[in-house]
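Reproduced below: final.txt, with compact mmCIF, C-alpha atoms.
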# COMPACT_ATOMS: atom_id res chain seq x y z
CA SER A 1 67.81 -2.57 -247.54
CA ARG A 2 67.74 -6.35 -247.95
CA ALA A 3 64.49 -8.04 -246.96
CA VAL A 4 64.81 -10.74 -244.30
CA PRO A 5 63.56 -14.08 -245.71
CA ALA A 6 60.88 -15.87 -243.70
CA ALA A 7 61.44 -19.55 -242.84
CA ARG A 8 59.02 -22.40 -242.29
CA ALA A 9 59.10 -26.20 -242.14
CA VAL A 10 56.08 -28.37 -242.96
CA PRO A 11 55.36 -32.05 -243.65
CA ALA A 12 56.28 -33.16 -247.18
CA ALA A 13 52.81 -33.94 -248.47
CA GLY A 14 50.13 -32.60 -250.78
CA ALA A 15 50.36 -28.86 -251.39
CA SER A 16 53.88 -28.51 -249.98
CA VAL A 17 55.26 -31.10 -252.44
CA ALA A 18 53.38 -29.42 -255.30
CA ALA A 19 54.92 -26.06 -254.35
CA TYR A 20 58.36 -27.71 -254.14
CA ARG A 21 57.94 -29.11 -257.65
CA ASP A 22 56.81 -25.70 -258.91
CA PHE A 23 59.90 -24.03 -257.41
CA ALA A 24 62.09 -26.62 -259.15
CA ARG A 25 61.15 -25.23 -262.57
CA THR A 26 63.36 -22.17 -262.04
CA ALA A 27 65.71 -23.27 -259.25
CA VAL A 28 69.06 -25.06 -259.22
CA TYR A 29 69.53 -28.27 -257.23
CA ALA A 30 71.50 -31.51 -257.12
CA PRO A 31 69.74 -34.76 -258.13
CA ALA A 32 68.94 -35.97 -254.63
CA GLN A 33 67.05 -32.75 -253.89
CA GLY A 34 65.07 -32.83 -257.12
CA PRO A 35 61.28 -33.19 -257.06
CA ASP A 36 61.32 -36.61 -258.74
CA TRP A 37 63.77 -37.98 -256.16
CA VAL A 38 61.73 -36.50 -253.30
CA SER A 39 58.42 -37.83 -254.62
CA ALA A 40 59.80 -41.31 -255.30
CA TRP A 41 61.44 -41.50 -251.87
CA THR A 42 58.47 -40.31 -249.85
CA GLU A 43 56.04 -42.55 -251.72
CA THR A 44 58.09 -45.76 -251.53
CA SER A 45 59.80 -45.48 -248.15
CA GLY A 46 56.91 -44.20 -246.05
CA THR A 47 59.42 -41.87 -244.46
CA ASP A 48 58.63 -39.08 -242.01
CA ALA A 49 59.56 -36.21 -244.33
CA ILE A 50 59.63 -32.42 -244.06
CA LEU A 51 60.20 -29.51 -246.44
CA ALA A 52 61.97 -26.49 -244.97
CA THR A 53 61.74 -23.31 -247.04
CA LEU A 54 63.00 -19.74 -247.02
CA HIS A 55 60.71 -17.17 -248.66
CA ASP A 56 61.44 -13.65 -249.84
CA GLY A 57 57.88 -12.34 -249.73
CA ASP A 58 55.81 -14.83 -251.73
CA ARG A 59 58.85 -16.13 -253.57
CA PRO A 60 60.74 -19.24 -252.35
CA VAL A 61 64.51 -18.79 -252.42
CA LEU A 62 65.77 -21.95 -250.68
CA ALA A 63 64.11 -25.31 -250.05
CA LEU A 64 65.47 -28.28 -248.15
CA ALA A 65 63.85 -31.75 -248.36
CA LEU A 66 64.67 -33.93 -245.34
CA GLU A 67 63.55 -37.16 -243.74
CA VAL A 68 63.48 -37.67 -239.98
CA ARG A 69 64.63 -41.07 -238.72
CA ARG A 70 65.36 -42.58 -235.32
CA GLU A 71 68.98 -43.61 -234.79
CA GLY A 72 69.19 -45.32 -231.43
CA PRO A 73 68.03 -42.80 -228.81
CA PHE A 74 68.29 -39.90 -231.28
CA LYS A 75 66.06 -38.46 -233.99
CA VAL A 76 67.99 -37.13 -236.97
CA ALA A 77 66.87 -35.10 -240.00
CA ARG A 78 68.87 -36.08 -243.10
CA PHE A 79 68.76 -35.79 -246.87
CA MET A 80 66.24 -38.21 -248.32
CA GLY A 81 67.92 -41.37 -249.53
CA GLY A 82 70.55 -41.73 -246.81
CA ARG A 83 73.91 -42.82 -248.20
CA HIS A 84 72.43 -42.92 -251.72
CA ALA A 85 72.17 -39.10 -251.64
CA ASN A 86 75.57 -37.75 -252.67
CA GLY A 87 76.93 -34.45 -253.94
CA ASN A 88 74.11 -32.62 -252.21
CA PHE A 89 72.97 -29.09 -253.01
CA ALA A 90 69.61 -27.79 -251.77
CA MET A 91 67.06 -26.29 -254.16
CA ALA A 92 67.83 -22.59 -254.50
CA ASP A 93 67.04 -19.46 -256.48
CA LYS A 94 70.12 -18.49 -258.51
CA ALA A 95 69.85 -14.77 -257.91
CA TRP A 96 69.32 -15.18 -254.17
CA LEU A 97 72.44 -17.31 -253.75
CA ALA A 98 74.62 -14.25 -254.30
CA THR A 99 73.06 -12.57 -251.25
CA ALA A 100 72.64 -15.59 -248.94
CA THR A 101 73.90 -15.13 -245.38
CA VAL A 102 74.62 -17.39 -242.44
CA GLU A 103 71.69 -15.72 -240.65
CA ASP A 104 69.39 -16.97 -243.42
CA ILE A 105 70.53 -20.55 -242.92
CA ASP A 106 70.33 -20.22 -239.12
CA ARG A 107 66.76 -19.01 -239.56
CA LEU A 108 65.93 -22.12 -241.60
CA MET A 109 67.43 -24.39 -238.92
CA ARG A 110 65.37 -22.65 -236.23
CA ALA A 111 62.23 -23.21 -238.30
CA ILE A 112 63.02 -26.94 -238.39
CA ALA A 113 63.58 -26.98 -234.63
CA GLN A 114 60.28 -25.19 -234.04
CA ALA A 115 58.29 -27.43 -236.38
CA ARG A 116 59.96 -30.64 -235.14
CA PRO A 117 60.87 -30.28 -231.46
CA ASP A 118 61.33 -34.06 -231.34
CA THR A 119 64.37 -33.82 -233.67
CA ASP A 120 67.82 -33.78 -232.06
CA LEU A 121 70.09 -33.13 -235.02
CA VAL A 122 70.08 -31.94 -238.63
CA ALA A 123 72.80 -33.89 -240.47
CA LEU A 124 73.62 -32.42 -243.88
CA GLU A 125 76.26 -34.75 -245.29
CA ARG A 126 78.20 -35.04 -248.56
CA LEU A 127 77.58 -31.44 -249.58
CA LEU A 128 78.99 -30.07 -252.83
CA ALA A 129 81.11 -26.95 -252.39
CA ASP A 130 79.43 -25.44 -255.44
CA PHE A 131 76.99 -26.24 -258.22
CA ASP A 132 78.17 -24.97 -261.61
CA GLY A 133 80.07 -22.18 -259.85
CA LEU A 134 77.26 -21.28 -257.42
CA ALA A 135 78.41 -21.52 -253.79
CA ASN A 136 76.54 -23.95 -251.55
CA PRO A 137 74.62 -21.79 -249.03
CA LEU A 138 74.51 -24.60 -246.45
CA LEU A 139 78.30 -24.34 -246.15
CA LYS A 140 77.92 -20.95 -244.53
CA LEU A 141 77.45 -23.05 -241.39
CA PRO A 142 80.49 -24.70 -239.74
CA SER A 143 81.50 -27.84 -241.65
CA SER A 144 84.05 -30.62 -241.78
CA PRO A 145 85.38 -32.68 -244.72
CA SER A 146 83.43 -35.84 -245.59
CA PRO A 147 85.39 -39.10 -245.19
CA ASN A 148 85.08 -40.14 -248.84
CA VAL A 149 86.44 -38.34 -251.88
CA ALA A 150 84.48 -38.12 -255.13
CA LEU A 151 86.32 -38.56 -258.42
CA ALA A 152 85.45 -36.96 -261.75
CA VAL A 153 86.61 -36.48 -265.33
CA ASP A 154 87.12 -33.03 -266.85
CA LEU A 155 85.37 -33.25 -270.24
CA ASP A 156 86.74 -29.94 -271.53
CA GLY A 157 87.66 -30.21 -275.21
CA GLY A 158 85.55 -33.29 -275.92
CA PHE A 159 86.26 -37.01 -275.88
CA GLU A 160 89.44 -36.86 -277.92
CA ALA A 161 90.85 -34.34 -275.45
CA VAL A 162 89.82 -36.59 -272.54
CA LEU A 163 91.62 -39.53 -274.13
CA GLY A 164 94.61 -37.25 -274.70
CA ARG A 165 94.81 -36.46 -270.98
CA THR A 166 94.66 -40.15 -269.99
CA PRO A 167 96.28 -43.18 -271.63
CA GLY A 168 93.77 -42.65 -274.44
CA LYS A 169 95.38 -44.68 -277.23
CA LYS A 170 95.66 -47.64 -274.88
CA LYS A 171 92.01 -47.24 -273.84
CA ALA A 172 90.76 -47.06 -277.43
CA LYS A 173 92.85 -50.08 -278.45
CA ARG A 174 91.58 -52.06 -275.47
CA HIS A 175 87.99 -51.04 -276.27
CA ARG A 176 88.34 -52.49 -279.77
CA SER A 177 89.91 -55.65 -278.38
CA GLN A 178 87.06 -56.06 -275.90
CA GLU A 179 84.52 -55.62 -278.69
CA ARG A 180 86.11 -58.45 -280.68
CA LYS A 181 85.97 -60.75 -277.66
CA TYR A 182 82.32 -59.86 -277.06
CA GLU A 183 81.54 -60.57 -280.72
CA ALA A 184 82.89 -64.06 -280.24
CA ALA A 185 80.56 -64.46 -277.23
CA GLY A 186 77.40 -63.37 -279.04
CA GLY A 187 77.93 -59.67 -279.70
CA ALA A 188 77.81 -56.57 -277.49
CA GLN A 189 74.92 -54.09 -277.27
CA ARG A 190 74.99 -50.89 -275.25
CA LEU A 191 71.39 -50.13 -274.34
CA VAL A 192 69.53 -47.21 -272.76
CA ALA A 193 66.39 -48.11 -270.81
CA THR A 194 63.48 -46.40 -272.57
CA THR A 195 60.53 -48.50 -271.32
CA GLU A 196 59.32 -49.70 -267.93
CA ALA A 197 60.16 -53.29 -268.90
CA GLU A 198 63.74 -52.37 -269.86
CA THR A 199 64.12 -50.37 -266.67
CA GLY A 200 62.96 -53.31 -264.57
CA ALA A 201 65.25 -55.75 -266.36
CA MET A 202 68.32 -53.53 -265.99
CA LEU A 203 67.66 -52.89 -262.31
CA ASP A 204 67.06 -56.61 -261.65
CA ALA A 205 70.44 -57.34 -263.25
CA PHE A 206 72.11 -54.53 -261.31
CA PHE A 207 70.71 -55.64 -257.93
CA ALA A 208 71.93 -59.20 -258.55
CA MET A 209 75.40 -58.01 -259.61
CA LYS A 210 75.70 -55.67 -256.66
CA ALA A 211 74.61 -58.30 -254.13
CA GLN A 212 77.30 -60.64 -255.44
CA ARG A 213 79.90 -57.88 -255.32
CA PHE A 214 79.09 -56.79 -251.77
CA ARG A 215 79.25 -60.40 -250.56
CA ALA A 216 82.73 -60.67 -252.04
CA MET A 217 83.78 -57.42 -250.36
CA GLY A 218 82.40 -58.54 -247.02
CA ILE A 219 80.09 -55.56 -246.51
CA ALA A 220 76.35 -55.09 -246.20
CA ASP A 221 74.39 -54.64 -249.42
CA VAL A 222 72.97 -51.11 -249.30
CA PHE A 223 70.68 -51.95 -252.23
CA GLU A 224 69.17 -55.04 -250.59
CA PRO A 225 66.25 -53.49 -248.61
CA GLN A 226 63.00 -53.75 -250.52
CA ASP A 227 62.14 -50.09 -250.01
CA ILE A 228 65.47 -49.07 -251.57
CA ARG A 229 64.81 -51.26 -254.61
CA SER A 230 61.26 -49.93 -254.91
CA PHE A 231 62.60 -46.38 -254.74
CA PHE A 232 65.04 -46.85 -257.60
CA ARG A 233 62.43 -48.63 -259.71
CA ARG A 234 60.07 -45.72 -259.18
CA LEU A 235 62.75 -43.08 -259.75
CA PHE A 236 64.03 -44.43 -263.07
CA THR A 237 60.56 -45.40 -264.33
CA ASP A 238 59.12 -41.95 -263.60
CA ALA A 239 62.08 -40.35 -265.38
CA LEU A 240 60.96 -41.97 -268.64
CA GLY A 241 58.03 -39.55 -268.73
CA HIS A 242 60.30 -36.53 -269.23
CA GLU A 243 61.57 -35.29 -272.58
CA ARG A 244 65.09 -35.14 -271.14
CA PRO A 245 65.16 -37.60 -268.23
CA ALA A 246 67.15 -36.52 -265.19
CA PHE A 247 67.88 -40.19 -264.41
CA VAL A 248 68.97 -42.77 -266.96
CA LEU A 249 70.04 -46.44 -267.00
CA HIS A 250 72.66 -47.85 -269.37
CA GLY A 251 73.35 -51.55 -269.78
CA LEU A 252 75.89 -53.64 -271.67
CA LYS A 253 74.47 -56.88 -273.01
CA VAL A 254 76.71 -59.60 -274.39
CA GLY A 255 74.64 -62.30 -275.99
CA ASP A 256 71.35 -62.18 -274.13
CA THR A 257 72.82 -61.33 -270.72
CA TYR A 258 73.52 -58.01 -269.01
CA ARG A 259 77.20 -57.89 -268.06
CA ALA A 260 77.32 -54.29 -266.76
CA VAL A 261 74.76 -51.69 -265.68
CA THR A 262 75.09 -48.04 -264.66
CA GLY A 263 72.52 -45.67 -263.22
CA SER A 264 73.22 -42.00 -263.84
CA SER A 265 71.79 -38.53 -263.32
CA ARG A 266 72.02 -35.30 -265.27
CA ALA A 267 72.48 -32.11 -263.25
CA GLY A 268 73.54 -28.84 -264.81
CA SER A 269 76.92 -29.35 -266.46
CA ARG A 270 77.47 -32.70 -264.71
CA PHE A 271 76.75 -36.22 -265.87
CA ILE A 272 76.87 -38.26 -262.66
CA CYS A 273 77.30 -42.01 -262.34
CA GLU A 274 75.17 -42.70 -259.27
CA PHE A 275 75.90 -46.45 -259.26
CA GLY A 276 77.30 -49.25 -261.38
CA ALA A 277 78.02 -52.98 -261.29
CA ILE A 278 79.41 -55.81 -263.41
CA ALA A 279 78.54 -59.49 -263.59
CA ASP A 280 81.07 -61.84 -262.02
CA ASP A 281 80.87 -64.46 -264.76
CA GLU A 282 82.90 -65.97 -267.60
CA LEU A 283 83.29 -62.55 -269.26
CA ALA A 284 84.30 -60.58 -266.15
CA HIS A 285 87.96 -60.76 -267.22
CA VAL A 286 87.06 -58.74 -270.35
CA SER A 287 86.06 -55.84 -268.03
CA PRO A 288 82.51 -55.01 -269.15
CA GLY A 289 82.35 -52.08 -266.73
CA GLU A 290 85.41 -50.48 -268.32
CA TYR A 291 83.84 -51.01 -271.76
CA LEU A 292 80.55 -49.40 -270.73
CA PHE A 293 82.24 -46.41 -269.07
CA PHE A 294 84.23 -45.75 -272.25
CA ASP A 295 80.99 -45.31 -274.19
CA ASN A 296 79.18 -43.49 -271.36
CA ILE A 297 81.94 -40.90 -271.04
CA GLY A 298 82.10 -40.48 -274.81
CA GLU A 299 78.34 -39.90 -274.93
CA ALA A 300 78.49 -37.38 -272.06
CA CYS A 301 81.07 -35.42 -274.07
CA GLY A 302 78.84 -35.51 -277.14
CA GLN A 303 75.88 -34.22 -275.13
CA GLY A 304 77.81 -31.14 -273.98
CA PHE A 305 78.50 -32.01 -270.33
CA THR A 306 81.69 -30.56 -268.87
CA ILE A 307 82.16 -33.05 -266.00
CA TYR A 308 81.64 -36.80 -265.78
CA ASP A 309 81.24 -37.40 -262.05
CA PHE A 310 81.91 -40.90 -260.71
CA SER A 311 80.38 -39.80 -257.40
CA VAL A 312 81.58 -40.88 -253.95
CA GLY A 313 84.23 -43.60 -253.61
CA ASP A 314 87.88 -44.03 -254.54
CA GLU A 315 88.39 -47.09 -256.75
CA PRO A 316 91.24 -48.03 -259.12
CA TYR A 317 88.95 -48.19 -262.17
CA LYS A 318 87.88 -44.58 -261.53
CA ARG A 319 91.48 -43.42 -261.17
CA THR A 320 92.27 -44.64 -264.71
CA TRP A 321 89.90 -41.93 -266.01
CA CYS A 322 89.75 -39.19 -263.42
CA ASP A 323 91.73 -35.98 -263.22
CA LEU A 324 89.52 -34.23 -260.66
CA GLU A 325 89.02 -34.87 -256.96
CA ILE A 326 85.83 -33.37 -255.54
CA GLY A 327 85.74 -32.91 -251.80
CA HIS A 328 82.36 -33.01 -250.07
CA ALA A 329 81.61 -31.53 -246.66
CA ASP A 330 79.38 -32.40 -243.71
CA VAL A 331 77.35 -29.97 -241.61
CA TYR A 332 75.87 -31.04 -238.27
CA VAL A 333 73.36 -28.73 -236.61
CA PRO A 334 72.34 -29.90 -233.11
CA LEU A 335 68.83 -28.86 -232.08
CA THR A 336 68.94 -30.33 -228.55
CA ILE A 337 71.52 -31.15 -225.89
CA LYS A 338 71.31 -34.81 -226.97
CA GLY A 339 71.89 -33.69 -230.53
CA ARG A 340 75.03 -31.81 -229.52
CA ALA A 341 76.52 -35.01 -228.09
CA TYR A 342 75.54 -37.02 -231.15
CA ALA A 343 77.02 -34.41 -233.51
CA ALA A 344 80.34 -34.56 -231.66
CA GLY A 345 80.36 -38.34 -231.99
CA MET A 346 79.58 -38.19 -235.71
CA ARG A 347 82.36 -35.68 -236.34
CA SER A 348 84.83 -37.92 -234.48
CA ALA A 349 83.70 -40.99 -236.43
CA ALA A 350 84.07 -39.14 -239.72
CA ALA A 351 87.57 -37.97 -238.77
CA LEU A 352 88.55 -41.57 -237.92
CA LYS A 353 87.23 -42.81 -241.28
CA ARG A 354 89.18 -40.09 -243.08
CA ALA A 355 92.36 -41.11 -241.26
CA ILE A 356 91.90 -44.80 -242.07
CA LYS A 357 91.05 -44.23 -245.74
CA GLY A 358 93.94 -41.80 -246.06
CA ASN A 359 96.37 -44.56 -245.03
CA GLN A 360 96.61 -47.00 -247.93
CA ALA A 361 98.07 -49.89 -245.94
CA LEU A 362 95.62 -49.50 -243.07
CA TRP A 363 92.62 -49.25 -245.41
CA ALA A 364 93.72 -52.39 -247.28
CA ALA A 365 93.99 -54.23 -243.95
CA VAL A 366 90.50 -53.10 -242.94
CA LYS A 367 89.07 -54.39 -246.23
CA ARG A 368 90.81 -57.75 -245.78
CA LEU A 369 89.46 -58.15 -242.26
CA ARG A 370 85.98 -57.14 -243.42
CA ALA A 371 86.03 -59.76 -246.18
CA MET A 372 87.33 -62.47 -243.83
CA ALA A 373 84.47 -61.77 -241.45
CA ARG A 374 82.13 -62.71 -244.31
CA GLY A 375 84.00 -65.90 -245.15
CA LYS A 376 86.32 -64.64 -247.89
CA ASP A 377 90.12 -64.65 -247.81
CA GLN A 378 90.23 -61.20 -249.38
CA PRO A 379 87.95 -58.82 -251.27
CA GLU A 380 87.83 -59.42 -255.01
CA ALA A 381 89.21 -56.74 -257.30
CA ASP A 382 86.92 -54.36 -259.22

Structure translated into structure tokens:
Amino acid sequence: SRAVPAARAVPAAGASVAAYRDFARTAVYAPAQGPDWVSAWTETSGTDAILATLHDGDRPVLALALEVRREGPFKVARFMGGRHANGNFAMADKAWLATATVEDIDRLMRAIAQARPDTDLVALERLLADFDGLANPLLKLPSSPSPNVALAVDLDGGFEAVLGRTPGKKKAKRHRSQERKYEAAGGAQRLVATTEAETGAMLDAFFAMKAQRFRAMGIADVFEPQDIRSFFRRLFTDALGHERPAFVLHGLKVGDTYRAVTGSSRAGSRFICEFGAIADDELAHVSPGEYLFFDNIGEACGQGFTIYDFSVGDEPYKRTWCDLEIGHADVYVPLTIKGRAYAAGMRSAAALKRAIKGNQALWAAVKRLRAMARGKDQPEAD
């Protein structure tokens, strides 16, 4: 008969983090549950973090890294990184996934409740349905669709096949035209950050670009807090120490200035664009982001990835490439009566966001109002 896994939840520190990193050597997991992400987040944010684990005897089979934060009168356990953690899939043993049950996941939630009686709710948001064909065990619990779709490119057949499934000839012709215009402005270089200095320079450029972009859109800059910036500096710098970094920065320089920057992760068969930005300057009309994505997607094909994932968010520039829509799901597990009320409110808010974003005219009106509130007539185009 099947052994019943034992569950426990402990603070994310010292020996527990070392054990988590050891488990990662043989487990599958999405980037925001990886040991480098967890270490960088806990060490730069000072967060109240826990590691919840299922064990089959002495062998870990599922591990969940969470941070506990106060949200008004509630305490909520979430994936580390907040809204920066997308396409989530907890660290898991491949063989065990085939036998995972809802009782196993319930047992893990009860361990969290027992270890942290002060926590009202476990909010597991933006969950992948599967990771390289392996079903997400957290979705054995009741779930609801996340408000935002994720868009991706099917890389099957290589870059020529990708271009064949999109207006490829037009893209290639435009890429050559852009290159000529960049040559006239000092020449274009696509760079990969391979040193701490290059990492810092690319991130400095990205943070400045993104701040400008968010101001134009009339929304808060989610990269502005110093702890967020410190986290990404640590994450991408630490990645340089690996033979095959899980996190990588690409930048497009024209002349001596960065005009576009992307930050990406590698996870299984996926190459994931975690973030990107372009400079709003005299060369913005030449679309440096489009130029950089052309080369990034081509490189992902050459490296054997089967999906180029643009991550969460529906934007016109993504639609010009993407032929896949990836739905994420949210799971809310109340641990207290207060938590039950908060979970109901979060589900209702998510449903309202889905309804608004599913109505093109209404969503455009919301974006205009949001920009006007920040002193702009309308949000600038990507």

Residue among A:Phe232, A:Leu139, A:Met109, A:Val122 lying closest to Ala343 in chain A, counting only C-alpha atoms: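 For Ala343 in chain A, the nearest of the given residues is A:Val122.
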
Would you pick out the contacts of range 100-103 of chain A at 8 Å or less, using only C-alpha atoms, so that residues sharing its chain but fewer than 4 positions from it are not included, and give the list as a CSV table (one decimal) with C-alpha atoms, in the coordinates of the input?
chain,number,residue,atom,x,y,z
A,96,TRP,CA,69.3,-15.2,-254.2
A,107,ARG,CA,66.8,-19.0,-239.6
A,137,PRO,CA,74.6,-21.8,-249.0
A,140,LYS,CA,77.9,-21.0,-244.5
A,141,LEU,CA,77.4,-23.0,-241.4

Pairwise distance for CA of Phe231 in chain A and CA of Ala40 in chain A, rounded to one decimal in Å: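 Interatomic distance, CA of Phe231 in chain A to CA of Ala40 in chain A: 5.8 Å.
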
Residues within 12 Å of (55.3, -43.1, -244.4), file coords, all atoms listed in the file, listed as a PyMOL selection string: chain A and resi 11-13+39-50+67-69+227

Report as JSON the centre and the edge lengths, in Å to one decimal, of the axis-aligned box holding every listed atom of range 98-106 of chain A, padded by 3 Å on each side.
{"center_x": 72.0, "center_y": -16.6, "center_z": -246.7, "size_x": 11.2, "size_y": 14.0, "size_z": 21.2}

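CA of Phe236 in chain A lies 26.1 Å from CA of Ala284 in chain A.
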
Two-atom distance - CA of Glu315 in chain A, CA of Leu127 in chain A (Å):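 Going from CA of Glu315 in chain A over to CA of Leu127 in chain A, I get 20.3 Å.
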
Point (84.1, -37.4, -275.9) neighbourhood (10 Å, only C-alpha atoms) written as a PyMOL selection string: chain A and resi 155-163+294-305

Pick from A:Asp118, A:Asp281, A:Glu198, A:Asp93 nearest to Arg59 in chain A, counting all atoms listed in the file: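 The answer is A:Asp93, which sits nearest to Arg59 in chain A.
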
Polymer residues at most 12 Å from Gln114 in chain A, all atoms listed in the file, same-chain spacing of 6 or more positions, as a list in words: Ala7, Arg8, Ala9, Val10, Ala52, Arg107, Leu108, Asp120, Leu335 and Thr336 of chain A

Residue with smallest distance to Ala260 in chain A - pool A:Pro316, A:Pro117, A:Pro288, A:Gly57, counting only C-alpha atoms: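 Answer, going by the shortest atom-to-atom distance: A:Pro288.
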
Repaired coordinates for range 246-257 of chain A (N, CA, C and O atoms) as a PDB file, keeping the file's coordinate frame:
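This went into selection_26.pdb:
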ATOM      1  N   ALA A 246      66.072 -36.877-266.116  1.00  0.00           N
ATOM      2  CA  ALA A 246      67.150 -36.520-265.190  1.00  0.00           C
ATOM      3  C   ALA A 246      67.889 -37.754-264.698  1.00  0.00           C
ATOM      4  O   ALA A 246      69.001 -37.649-264.183  1.00  0.00           O
ATOM      5  N   PHE A 247      67.268 -38.933-264.847  1.00  0.00           N
ATOM      6  CA  PHE A 247      67.880 -40.190-264.410  1.00  0.00           C
ATOM      7  C   PHE A 247      67.807 -41.193-265.552  1.00  0.00           C
ATOM      8  O   PHE A 247      66.758 -41.332-266.193  1.00  0.00           O
ATOM      9  N   VAL A 248      68.919 -41.889-265.801  1.00  0.00           N
ATOM     10  CA  VAL A 248      68.970 -42.770-266.960  1.00  0.00           C
ATOM     11  C   VAL A 248      69.800 -44.026-266.642  1.00  0.00           C
ATOM     12  O   VAL A 248      70.802 -43.963-265.920  1.00  0.00           O
ATOM     13  N   LEU A 249      69.342 -45.163-267.164  1.00  0.00           N
ATOM     14  CA  LEU A 249      70.040 -46.440-267.000  1.00  0.00           C
ATOM     15  C   LEU A 249      70.707 -46.839-268.309  1.00  0.00           C
ATOM     16  O   LEU A 249      70.085 -46.769-269.376  1.00  0.00           O
ATOM     17  N   HIS A 250      71.958 -47.278-268.231  1.00  0.00           N
ATOM     18  CA  HIS A 250      72.660 -47.850-269.370  1.00  0.00           C
ATOM     19  C   HIS A 250      73.050 -49.289-269.027  1.00  0.00           C
ATOM     20  O   HIS A 250      73.442 -49.573-267.880  1.00  0.00           O
ATOM     21  N   GLY A 251      72.959 -50.165-269.998  1.00  0.00           N
ATOM     22  CA  GLY A 251      73.350 -51.550-269.780  1.00  0.00           C
ATOM     23  C   GLY A 251      74.161 -52.074-270.943  1.00  0.00           C
ATOM     24  O   GLY A 251      73.947 -51.692-272.101  1.00  0.00           O
ATOM     25  N   LEU A 252      75.120 -52.941-270.643  1.00  0.00           N
ATOM     26  CA  LEU A 252      75.890 -53.640-271.670  1.00  0.00           C
ATOM     27  C   LEU A 252      75.438 -55.094-271.688  1.00  0.00           C
ATOM     28  O   LEU A 252      75.591 -55.815-270.697  1.00  0.00           O
ATOM     29  N   LYS A 253      74.865 -55.494-272.807  1.00  0.00           N
ATOM     30  CA  LYS A 253      74.470 -56.880-273.010  1.00  0.00           C
ATOM     31  C   LYS A 253      75.480 -57.561-273.917  1.00  0.00           C
ATOM     32  O   LYS A 253      75.866 -57.022-274.954  1.00  0.00           O
ATOM     33  N   VAL A 254      75.907 -58.747-273.511  1.00  0.00           N
ATOM     34  CA  VAL A 254      76.710 -59.600-274.390  1.00  0.00           C
ATOM     35  C   VAL A 254      75.928 -60.890-274.533  1.00  0.00           C
ATOM     36  O   VAL A 254      75.605 -61.537-273.539  1.00  0.00           O
ATOM     37  N   GLY A 255      75.608 -61.240-275.793  1.00  0.00           N
ATOM     38  CA  GLY A 255      74.640 -62.300-275.990  1.00  0.00           C
ATOM     39  C   GLY A 255      73.293 -61.807-275.519  1.00  0.00           C
ATOM     40  O   GLY A 255      72.852 -60.717-275.865  1.00  0.00           O
ATOM     41  N   ASP A 256      72.660 -62.569-274.669  1.00  0.00           N
ATOM     42  CA  ASP A 256      71.350 -62.180-274.130  1.00  0.00           C
ATOM     43  C   ASP A 256      71.426 -61.792-272.664  1.00  0.00           C
ATOM     44  O   ASP A 256      70.398 -61.715-271.990  1.00  0.00           O
ATOM     45  N   THR A 257      72.628 -61.538-272.157  1.00  0.00           N
ATOM     46  CA  THR A 257      72.820 -61.330-270.720  1.00  0.00           C
ATOM     47  C   THR A 257      73.445 -59.969-270.439  1.00  0.00           C
ATOM     48  O   THR A 257      74.412 -59.565-271.100  1.00  0.00           O
TER      49      THR A 257
END
